[in-house]
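One structure below.
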Amino acid sequence: MVQQDLDPRSDSVLEVSGVHKSFAGVHALRDVGFALRPAEVHALIGENGAGKSTLIKVMTGVYRPDRGTVRLDGRDRDFRNPLEAQAAGISTIYQEVNLVPLMSVARNLYLGREPRRFGLVDVGRMNRQATQTLGRYGVDVDVTRPLRTLGLGAQQMVALARAVQVDARVVIMDEPTSSLEPREVETLFSVIRRLKEQGIAVVYVSHRLDELYAICDRVTVMRDGAVVHTGDIADLERLRLISLMLGREMSTVRDKGTTAFDAGGHERRTERPVLSAQNLTVRHRIRDVSLDIHAGEVVGLGGLLGAGRSETAKAIVGALGTESGSVEIEGRPMRRRSPAASIRAGVVMLAEDRKAEGIIPNLSVRENISLAALPRLSRAGLVNRAKQDEVVRFFMERLRIKASGPDQKVSDLSGGNQQKVLLARWMCLNPKVLLLDEPTRGIDVGAKAEVQAIIDELARDGLGVLLISSDLEELIEGSDRVVVLKDGHVVGDLVGQDVSEEGLLDAFATAPAVSPDAPAPDPDADPDAASETASDSAASTSAAPGTPDSPDDPAGTPQAPAQDPAAAPVKENHA
Amino acid sequence: MTSTVLPPPATAKTRAPRATLGERIASQLQRRGALAVLVLVCAIASATSSTFPTWSNISSILGNNAFVWLLALGMTFVIITGGIDLSVGSMYALGGVLGAYGSTHGTWLAVLLPLAVGAAWGTVQGLLVAKAGMAPFIVTLVGLLGLRGLLQAVTNEGATTYLVPAHSAFRNFGSGVWTPVLITAAFFVLGAVLLTRTGFGHTLTAMGGNEHAATLLGLPVVRAKVLVYLLSGTLAAAAGALGGARLGSGVTTIGVGYELTAIASVVIGGTLLTGGSGSIGGTASGVLLLAVIHNLIDHYFSQYGSAFTDTVNGGFLAAVVLLQTLLSRTQQLE
């Protein structure tokens with residue numbers, strides 16, 4: 001059944017070479033080569049916008065490459081749509097569960113290839129087979145119920161079962177674990193191992209490094225639309241992997257960067273934090289995240305993509321429902337958290353997605369700035385225009401917003417000025433705490449420096465600032481303290497000297513050796529809770545060497561340096 | 001967090017919660033609500049009115065309306081995909097005129113001419129929606145206006161009336177009570193099989209539920225979309241032709257607003273207006289319910305005039321949709 005290689009040079013089941021793809025003149029992929037061997041689990045990793053998703057879509061027929069070839073079993077293929085790729089044996093599991101929520105579980109599983117009798121769908125057989133199949137994946141449900149009544153993890157398992165059922169030679173998994181519970185991840189891994197035994201190749205995309213090291217054989221690292229590294233994952237240290245991914249060498253840490261932050265830092269005004277979040281937990285996203293923000297201080301929130309940074313900010317202001325946890329503002333607990341209540345209490349968040357969650361493009365600069373403050377600028381429901389103009393003029397000057405005037409439409413402004421308009425919107429509420437989610441993403445260098453200077457200025461004026469940034473330099477130079485998240489846990493709280501590129505990368509690379517149910521080893525956390533979990537944590541540390549479990553792993557424990565607890569400052573309370 | 005040694009797979013079980021009783025009742029009501037209300041209304045009407053349960057009344061409800069119900073059948077398919085077809089009322093009228101015109105040249109032409117025109121127009125609408133990516137609302141609104149215009153052209157602005165010859169076999173399709181009812185029932189049964197027991201039907205439901213996912217799952221979304229408008233157009237033309245056979249002539253003024261009644265029946269029958277969920281059985285209950293209520297309102301409130309009928313109809317529709325919204329909300333809260 002296995003086809004002989006038509007091209008003797010290739011021992012790959014799926015091979016992509018020289019692929020270019022651009023959208024509206026922007027290069028998403030540049031000369032990308034990617035080879036997948038039979039029966040291997042191949043990690044594909046890179047930061048946001050590195051081109052992973054585009055590459056996957058090229059391999060699965062969603063996009064057609066501008067240049068380059070996709071070969072399956074040594075033969076050139078030109079998939080015009082996902083159906084053709086599926087028929088050729090390439091199955092995909094997408095990050096968001098891409099099934100039909102209103103249809104029954106069984107119908108989702110068999111959509112497009114229903115078992116038939118007399119030309120009609122044999123519903124009875126379909127349901128029986130679906131029950132059996134899902135049973136093998138540890139999903140025991142009534143298959144006639146709509147898919148949406150299942151938990152996200154179970155839905156992901158249905159998607160997996162579906163993908164594997166199609167006669168697959170290659171299975172591509174795009175962040176399959178982002179909505180899975182730890183035990184479901186284990187089920188997934190055992191399925192992947194079974195696939196491997198059957199000679200099926202798996203492409204595994206994930207930001208969770210532990211998973212990559214646990215299940216993958218080889219790794220391809222992408223950055224800015226190009227492949228920067230391919231090789232056995234066992235030969236690649238975590239630290240090296242991360243620096244490849246982020247595109248910066250450990251040695252090039254500069255003393256003084258290019259950001260506009262004052263090197264001096266800020267001083268805390270009071271001992272009591274202006275905002276104190278305790279044990280925030282959001283299902284599948286963050287767990288037991290605690291942090292304090294003092295007046296006049298910039299607290300950085302670091303972590304790789306998917307670590308739960310934005311979720312933490314959203315949980316604090318109540319834009320994301322939490323399972324547990326509390327937020328105190330100036331010592332007063334917030335009872336019901338909602339964005340409106342947070343704003344009243346003086347906590348405002350600058351959302352990451354400026355276009356979707358921030359500006360209202362068709363309104364003027366004036367209206368965009370004063371939107372949130374309208375209740376304060378109104379009397380008896382009527383807006384006091386003079387007061388409004390005064391506030392708008394003040395902030396346009398203070399934040400140096402470049403616009404033809406307050407009546408210009410905000411969509412005509414540059415990204416940097418739009419960001420300043422949004423800052424102004426929150427500033428005119430006189431907030432106590434400012435949560436900034438990627439405040440300088442996607443704006444040009446000049447505007448970036450200006451926004452950074454404004455952040456500095458605001459903190460000096462006594463605001464508490466939480467700064468989320470993927471730009472390491474910005475995070476290091478802008479923050480007085482950095483809380484590091486990983487997989488939804490706090491894994492470090494870097495102060496003073498540790499707020500450095502090395503310190504951050506170390507923290508990113510460190511596996512949080514805690515069981516997922518236990519609170520993270522957060523220095524800010526309740527000392528009792530920490531000591532309670534210390535024994536658990538220690539036990540799992542010793543039981544978790546983190547080596548790939550392939551028996552023929554020749555390199556032993558090559559990532560030992562990164563695993564060494566002593567090397568990571570955040571592990572102190574375990575030692 | 002996953003660097004721990006992995007236990008054998010069989011130990012990990014993902015158990016989704018079983019349906020609660022309330023949720024199951026809600027789900028059943030949502031699916032069969034129209035049927036429940038239909039039974040209730042019929043029971044009350046039979047108990048309180050001496051004229052309602054008579055044979056002549058029932059046969060007039062069934063026989064006079066049966067063909068119009070085919071519009072709702074086609075509409076169910078379209079709405080399940082998340083689309084809408086506003087052209088069916090005009091197509092119904094055009095089908096009747098074309099059928100009557102064709103019958104003067106022979107029964108075969110009387111059947112084929114409307115079907116061909118309906119299929120052709122439906123295909124054009126389907127291509128505009130599926131390939132050109134136009135909004136179904138706009139495309140079929142063009143159909144509503146355009147077909148009406150075509151009808152005016154065919155009949156010299158209503159001046160020419162085509163009569164079905166008195167001895168044409170074509171008249172047999174619409175005569176009596178049982179022929180229309182049986183023809184319509186047969187179409188509904190075929191429709192139910194098509195929707196629940198074929199890959200095509202599953203594709204329609206899937207693309208209504210999540211079109212992006214349906215595409216990624218490799219389903220033939222574009223083809224199914226074209227086919228569904230083709231189906232709806234053909235059914236509407238066929239319904240019109242059969243209606244013409246019953247009336248014995250092509251009536252140009254008929255069919256105004258029928259598309260809205262069809263949409264109402266579909267929605268009352270439990271099909272989500274946003275697509276992705278619905279059933280032919282529900283639509284059957286929906287059309288019967290609307291017909292019975294119309295009959296009752298005519299009977300009880302005829303002294304207040306027909307304006308009152310429409311008001312009550314509208315109010316009832318609002319109540320049913322509100323109830324449905326509440327039901328689906330309880331399901332989501334689960």
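Identifiers in this document derive from the order of the structure tokens: chains are assigned A, B, ..., residues are numbered from 1 separately in each chain, and ligands are numbered from 1 in order of occurrence.
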
Q: Find the residues near Ala168 in chain A: any atom within 9 Å, counting only C-alpha atoms, skip ones fewer than 2 places away on the same chain, and give them as an MDAnalysis selection string.
A: chainID A and resid 86:91 163:166 170:171 200:201

Q | Non-local contacts of Gly112 in chain A (8 Å; only C-alpha atoms; under 5 positions in same chain excluded) as an NGL selection string | A | :B and (199 or 202-203 or 217-219)

(Q) With only C-alpha atoms as the counted atoms, please give the residues lying no more than 8 Å from range 71-80 of chain B, apart from itself and same-chain residues fewer than 2 positions off, as a ChimeraX atom specification. (A) /B:67-69,82-85,88-89,188,191,195,204-205,208,228-229,231-233,235-236,239,258-259,261-263,265-266,271-280,283-284,287

Can you spit out the residues from that selection as a PDB file, in the first residue's frame, using C-alpha atoms?
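The result, written out as selection05.pdb:
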```pdb
ATOM      1  CA  PHE B  67     -49.202  23.544  -2.177  1.00  0.00           C
ATOM      2  CA  VAL B  68     -48.163  26.769  -0.482  1.00  0.00           C
ATOM      3  CA  TRP B  69     -46.543  24.684   2.197  1.00  0.00           C
ATOM      4  CA  GLY B  82     -27.959  30.276   7.212  1.00  0.00           C
ATOM      5  CA  GLY B  83     -29.389  31.863   4.068  1.00  0.00           C
ATOM      6  CA  ILE B  84     -32.802  33.192   3.084  1.00  0.00           C
ATOM      7  CA  ASP B  85     -34.860  33.040  -0.120  1.00  0.00           C
ATOM      8  CA  VAL B  88     -40.311  32.169  -3.529  1.00  0.00           C
ATOM      9  CA  GLY B  89     -43.564  34.167  -3.401  1.00  0.00           C
ATOM     10  CA  PHE B 188     -42.062  16.591   2.853  1.00  0.00           C
ATOM     11  CA  GLY B 191     -37.252  16.401   2.089  1.00  0.00           C
ATOM     12  CA  LEU B 195     -31.961  16.480   5.147  1.00  0.00           C
ATOM     13  CA  LEU B 204     -26.304  21.927   4.659  1.00  0.00           C
ATOM     14  CA  THR B 205     -26.651  21.677   8.427  1.00  0.00           C
ATOM     15  CA  GLY B 208     -25.254  26.660   8.625  1.00  0.00           C
ATOM     16  CA  VAL B 228     -29.994  24.668  -2.052  1.00  0.00           C
ATOM     17  CA  TYR B 229     -31.158  27.764  -3.955  1.00  0.00           C
ATOM     18  CA  LEU B 231     -33.896  23.327  -4.800  1.00  0.00           C
ATOM     19  CA  SER B 232     -35.851  26.200  -3.291  1.00  0.00           C
ATOM     20  CA  GLY B 233     -36.515  27.859  -6.658  1.00  0.00           C
ATOM     21  CA  LEU B 235     -39.900  23.725  -5.372  1.00  0.00           C
ATOM     22  CA  ALA B 236     -41.476  27.184  -5.431  1.00  0.00           C
ATOM     23  CA  ALA B 239     -45.770  24.643  -5.952  1.00  0.00           C
ATOM     24  CA  TYR B 258     -45.896  34.176   0.734  1.00  0.00           C
ATOM     25  CA  GLU B 259     -42.132  34.183   1.289  1.00  0.00           C
ATOM     26  CA  THR B 261     -45.342  33.268   5.668  1.00  0.00           C
ATOM     27  CA  ALA B 262     -42.945  30.521   4.626  1.00  0.00           C
ATOM     28  CA  ILE B 263     -40.152  32.011   6.745  1.00  0.00           C
ATOM     29  CA  SER B 265     -43.614  28.674   9.379  1.00  0.00           C
ATOM     30  CA  VAL B 266     -39.994  27.551   9.285  1.00  0.00           C
ATOM     31  CA  THR B 271     -35.437  25.998  12.701  1.00  0.00           C
ATOM     32  CA  LEU B 272     -32.900  28.574  13.774  1.00  0.00           C
ATOM     33  CA  LEU B 273     -33.033  31.666  11.590  1.00  0.00           C
ATOM     34  CA  THR B 274     -29.251  31.834  11.885  1.00  0.00           C
ATOM     35  CA  GLY B 275     -28.929  28.343  10.450  1.00  0.00           C
ATOM     36  CA  GLY B 276     -27.344  25.145  11.658  1.00  0.00           C
ATOM     37  CA  SER B 277     -30.337  23.516  13.237  1.00  0.00           C
ATOM     38  CA  GLY B 278     -33.804  22.608  12.098  1.00  0.00           C
ATOM     39  CA  SER B 279     -36.056  19.841  10.889  1.00  0.00           C
ATOM     40  CA  ILE B 280     -38.591  19.161   8.162  1.00  0.00           C
ATOM     41  CA  THR B 283     -41.664  22.934   9.457  1.00  0.00           C
ATOM     42  CA  ALA B 284     -44.627  20.607   8.805  1.00  0.00           C
ATOM     43  CA  VAL B 287     -47.254  25.308   8.482  1.00  0.00           C
TER      44      VAL B 287
END
```

Q.
I'd like the contact shell of Asn57 in chain B - 12 Å cut-off, only C-alpha atoms, skipping same-chain residues fewer than 5 positions apart - returned as a list in words.
A. Ser46, Ser49, Ser50, Thr51, Phe52, Leu62, Gly63, Asn64, Val177, Ala291, Val292, Asn295, Leu296, Asp298 and His299 of chain B

Just C-alpha atoms for this one: save the residues we selected as an mmCIF file, in the first residue's frame.
```cif
data_model
loop_
_atom_site.group_PDB
_atom_site.id
_atom_site.type_symbol
_atom_site.label_atom_id
_atom_site.label_comp_id
_atom_site.auth_asym_id
_atom_site.auth_seq_id
_atom_site.Cartn_x
_atom_site.Cartn_y
_atom_site.Cartn_z
ATOM 1 C CA SER B 46 -62.368 21.009 18.781
ATOM 2 C CA SER B 49 -66.175 25.042 18.422
ATOM 3 C CA SER B 50 -68.727 22.908 16.656
ATOM 4 C CA THR B 51 -67.556 23.936 13.193
ATOM 5 C CA PHE B 52 -63.812 23.384 13.581
ATOM 6 C CA LEU B 62 -55.659 21.096 4.047
ATOM 7 C CA GLY B 63 -56.681 21.230 0.419
ATOM 8 C CA ASN B 64 -56.499 24.961 -0.089
ATOM 9 C CA VAL B 177 -58.527 17.300 -1.136
ATOM 10 C CA ALA B 291 -53.021 27.318 8.884
ATOM 11 C CA VAL B 292 -55.128 26.228 11.845
ATOM 12 C CA ASN B 295 -58.659 29.314 10.191
ATOM 13 C CA LEU B 296 -59.645 29.924 13.797
ATOM 14 C CA ASP B 298 -61.030 33.814 10.448
ATOM 15 C CA HIS B 299 -63.805 31.985 12.217
#
```

Q.
With only C-alpha atoms as the counted atoms, please give the residues lying no more than 9 Å from Gly318 in chain A, apart from itself and same-chain residues fewer than 2 positions off, as number ranges by chain.
A. A: 313-316, 320-322, 336-342

Q: Please return as a VMD selection string: the residues of range 7-213 of chain B that backbone DSSP assigns to alpha helix (DSSP H).
A: chain B and resid 21 to 48 55 to 80 88 to 103 107 to 130 136 to 154 178 to 197 199 to 209 211 to 213

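Our summary of the geometry notes that CA of Pro182 in chain A is positioned 9.8 Å from CA of His284 in chain A.
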
Q. Which residue, A:Val282, A:Ile215, A:Val495, A:Ala85, has the smallest gap to Val191 in chain A when you use only C-alpha atoms?
A. A:Ile215

(Q) I want to know what sits within 12 Å of Thr133 in chain A, based on only C-alpha atoms, with residues of the same chain fewer than 5 positions away left out; could you give that as JSON, numbers by chain? (A) {"A": [105, 106, 109, 110, 125, 126, 127, 128, 138, 139, 140, 141, 143, 157, 158, 159, 160, 161, 162, 164, 165]}

Can you write just those residues out, C-alpha atoms, as an mmCIF file, in the first residue's frame?
```cif
data_model
loop_
_atom_site.group_PDB
_atom_site.id
_atom_site.type_symbol
_atom_site.label_atom_id
_atom_site.label_comp_id
_atom_site.auth_asym_id
_atom_site.auth_seq_id
_atom_site.Cartn_x
_atom_site.Cartn_y
_atom_site.Cartn_z
ATOM 1 C CA VAL A 105 -21.171 14.436 18.096
ATOM 2 C CA ALA A 106 -21.555 11.464 15.760
ATOM 3 C CA LEU A 109 -17.260 12.797 13.505
ATOM 4 C CA TYR A 110 -18.561 11.439 10.211
ATOM 5 C CA ARG A 125 -24.377 2.352 12.521
ATOM 6 C CA MET A 126 -22.904 5.850 12.550
ATOM 7 C CA ASN A 127 -23.839 6.340 16.208
ATOM 8 C CA ARG A 128 -22.542 2.912 17.214
ATOM 9 C CA GLY A 138 -11.276 8.149 26.468
ATOM 10 C CA VAL A 139 -14.349 10.174 25.557
ATOM 11 C CA ASP A 140 -17.448 8.508 26.908
ATOM 12 C CA VAL A 141 -20.454 10.570 25.865
ATOM 13 C CA VAL A 143 -22.945 10.776 20.663
ATOM 14 C CA MET A 157 -10.752 14.923 21.185
ATOM 15 C CA VAL A 158 -13.627 14.553 18.728
ATOM 16 C CA ALA A 159 -11.695 16.723 16.276
ATOM 17 C CA LEU A 160 -8.648 14.538 16.844
ATOM 18 C CA ALA A 161 -10.595 11.325 16.360
ATOM 19 C CA ARG A 162 -12.010 12.747 13.169
ATOM 20 C CA VAL A 164 -7.025 10.447 12.537
ATOM 21 C CA GLN A 165 -9.929 8.444 11.145
#
```

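Using only C-alpha atoms, the protein and nucleic acid residues lying no more than 9 Å from range 61-66 of chain A, apart from those fewer than 6 places from it along its own chain, are Val19, His20, Lys21, Ser22, Leu29, Thr54, Leu55, Asp78, Phe79, Arg80, Asn81, Pro82, Leu83, Glu84, Ala85 and Gln86 of chain A; Leu216 of chain B.
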
Writing out the chosen residues with N, CA and C atoms as a CSV table (one decimal), in the first residue's frame:
```
chain,number,residue,atom,x,y,z
A,19,VAL,N,9.2,27.6,-0.6
A,19,VAL,CA,7.8,28.1,-0.6
A,19,VAL,C,7.8,29.6,-0.3
A,20,HIS,N,7.3,30.4,-1.1
A,20,HIS,CA,7.0,31.8,-0.9
A,20,HIS,C,5.6,32.1,-0.8
A,21,LYS,N,5.1,32.9,0.1
A,21,LYS,CA,3.7,33.3,0.1
A,21,LYS,C,3.6,34.7,0.7
A,22,SER,N,3.0,35.6,0.0
A,22,SER,CA,2.8,37.0,0.5
A,22,SER,C,1.3,37.4,0.4
A,29,LEU,N,5.7,34.1,4.1
A,29,LEU,CA,6.7,33.0,4.1
A,29,LEU,C,7.8,33.3,3.0
A,54,THR,N,0.6,30.1,8.4
A,54,THR,CA,0.6,30.2,7.0
A,54,THR,C,1.2,28.9,6.3
A,55,LEU,N,2.3,28.4,6.9
A,55,LEU,CA,2.9,27.2,6.4
A,55,LEU,C,2.0,26.0,6.5
A,78,ASP,N,-0.4,19.8,-5.8
A,78,ASP,CA,-0.9,21.2,-5.8
A,78,ASP,C,-2.3,21.2,-5.3
A,79,PHE,N,-2.4,21.2,-4.0
A,79,PHE,CA,-3.8,21.1,-3.4
A,79,PHE,C,-4.5,22.4,-3.6
A,80,ARG,N,-5.7,22.3,-4.1
A,80,ARG,CA,-6.5,23.5,-4.4
A,80,ARG,C,-7.4,23.8,-3.2
A,81,ASN,N,-7.7,22.8,-2.4
A,81,ASN,CA,-8.6,23.1,-1.2
A,81,ASN,C,-8.3,22.0,-0.2
A,82,PRO,N,-8.9,22.2,1.0
A,82,PRO,CA,-8.6,21.3,2.1
A,82,PRO,C,-9.1,19.9,1.8
A,83,LEU,N,-10.1,19.8,1.0
A,83,LEU,CA,-10.7,18.5,0.6
A,83,LEU,C,-9.6,17.6,-0.1
A,84,GLU,N,-8.9,18.2,-1.0
A,84,GLU,CA,-7.9,17.5,-1.8
A,84,GLU,C,-6.8,17.1,-0.9
A,85,ALA,N,-6.4,17.9,0.0
A,85,ALA,CA,-5.3,17.6,0.9
A,85,ALA,C,-5.7,16.4,1.8
A,86,GLN,N,-6.9,16.5,2.3
A,86,GLN,CA,-7.5,15.4,3.1
A,86,GLN,C,-7.5,14.1,2.4
B,216,LEU,N,-13.2,23.8,6.1
B,216,LEU,CA,-12.0,23.1,6.5
B,216,LEU,C,-12.2,21.6,6.7
```

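Ranking B:Gly281, B:Gly314, B:Gly126, B:Gly174 by their shortest atom-to-atom distance to Gly240 in chain B, with only C-alpha atoms included, puts B:Gly174 first.
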
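For the set A:Ile360, A:Leu413, A:Val365, A:Ile443, the residue with the smallest atom-to-atom gap to Val391 in chain A is A:Val365, counting only C-alpha atoms.
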
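Among the candidates B:Gly244, B:Gly250, B:Gly209, B:Gly270, the one nearest to chain A when counting only C-alpha atoms is B:Gly209.
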
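Note that DSSP on the backbone gives strand (DSSP E) to these residues of range 56-213 of chain A: A:Arg67, A:Gly68, A:Thr69, A:Val70, A:Arg71, A:Leu72, A:Arg75, A:Asp76, A:Arg77, A:Ile90, A:Ser91, A:Thr92, A:Ile93, A:Arg116, A:Arg117, A:Leu120, A:Val121, A:Val170, A:Val171, A:Ile172, A:Met173, A:Asp174, A:Ala201, A:Val202, A:Val203, A:Tyr204, A:Val205.
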
Same residues, C-alpha atoms, output as a PDB file, in the first residue's frame:
```pdb
ATOM      1  CA  ARG A  67       6.294  29.858  -5.437  1.00  0.00           C
ATOM      2  CA  GLY A  68       7.752  26.556  -4.311  1.00  0.00           C
ATOM      3  CA  THR A  69       6.527  22.998  -4.123  1.00  0.00           C
ATOM      4  CA  VAL A  70       4.654  20.741  -1.762  1.00  0.00           C
ATOM      5  CA  ARG A  71       5.516  17.095  -2.267  1.00  0.00           C
ATOM      6  CA  LEU A  72       3.764  14.140  -0.697  1.00  0.00           C
ATOM      7  CA  ARG A  75       5.394  13.549  -5.778  1.00  0.00           C
ATOM      8  CA  ASP A  76       4.584  17.185  -6.465  1.00  0.00           C
ATOM      9  CA  ARG A  77       1.128  18.055  -5.272  1.00  0.00           C
ATOM     10  CA  ILE A  90      -3.090  15.147   5.262  1.00  0.00           C
ATOM     11  CA  SER A  91      -5.358  15.730   8.233  1.00  0.00           C
ATOM     12  CA  THR A  92      -5.399  18.835  10.346  1.00  0.00           C
ATOM     13  CA  ILE A  93      -6.564  19.693  13.824  1.00  0.00           C
ATOM     14  CA  ARG A 116     -24.315   4.344   4.204  1.00  0.00           C
ATOM     15  CA  ARG A 117     -26.901   1.745   3.510  1.00  0.00           C
ATOM     16  CA  LEU A 120     -28.693   6.751   2.630  1.00  0.00           C
ATOM     17  CA  VAL A 121     -26.868   7.565   5.818  1.00  0.00           C
ATOM     18  CA  VAL A 170       0.283  13.089   8.014  1.00  0.00           C
ATOM     19  CA  VAL A 171      -1.551  14.640  10.944  1.00  0.00           C
ATOM     20  CA  ILE A 172      -1.006  18.324  11.627  1.00  0.00           C
ATOM     21  CA  MET A 173      -1.898  19.578  15.085  1.00  0.00           C
ATOM     22  CA  ASP A 174      -2.030  23.337  15.575  1.00  0.00           C
ATOM     23  CA  ALA A 201       3.982  11.528  10.750  1.00  0.00           C
ATOM     24  CA  VAL A 202       2.778  14.272  13.067  1.00  0.00           C
ATOM     25  CA  VAL A 203       3.426  18.010  12.885  1.00  0.00           C
ATOM     26  CA  TYR A 204       3.017  19.403  16.368  1.00  0.00           C
ATOM     27  CA  VAL A 205       2.632  23.126  16.916  1.00  0.00           C
TER      28      VAL A 205
END
```
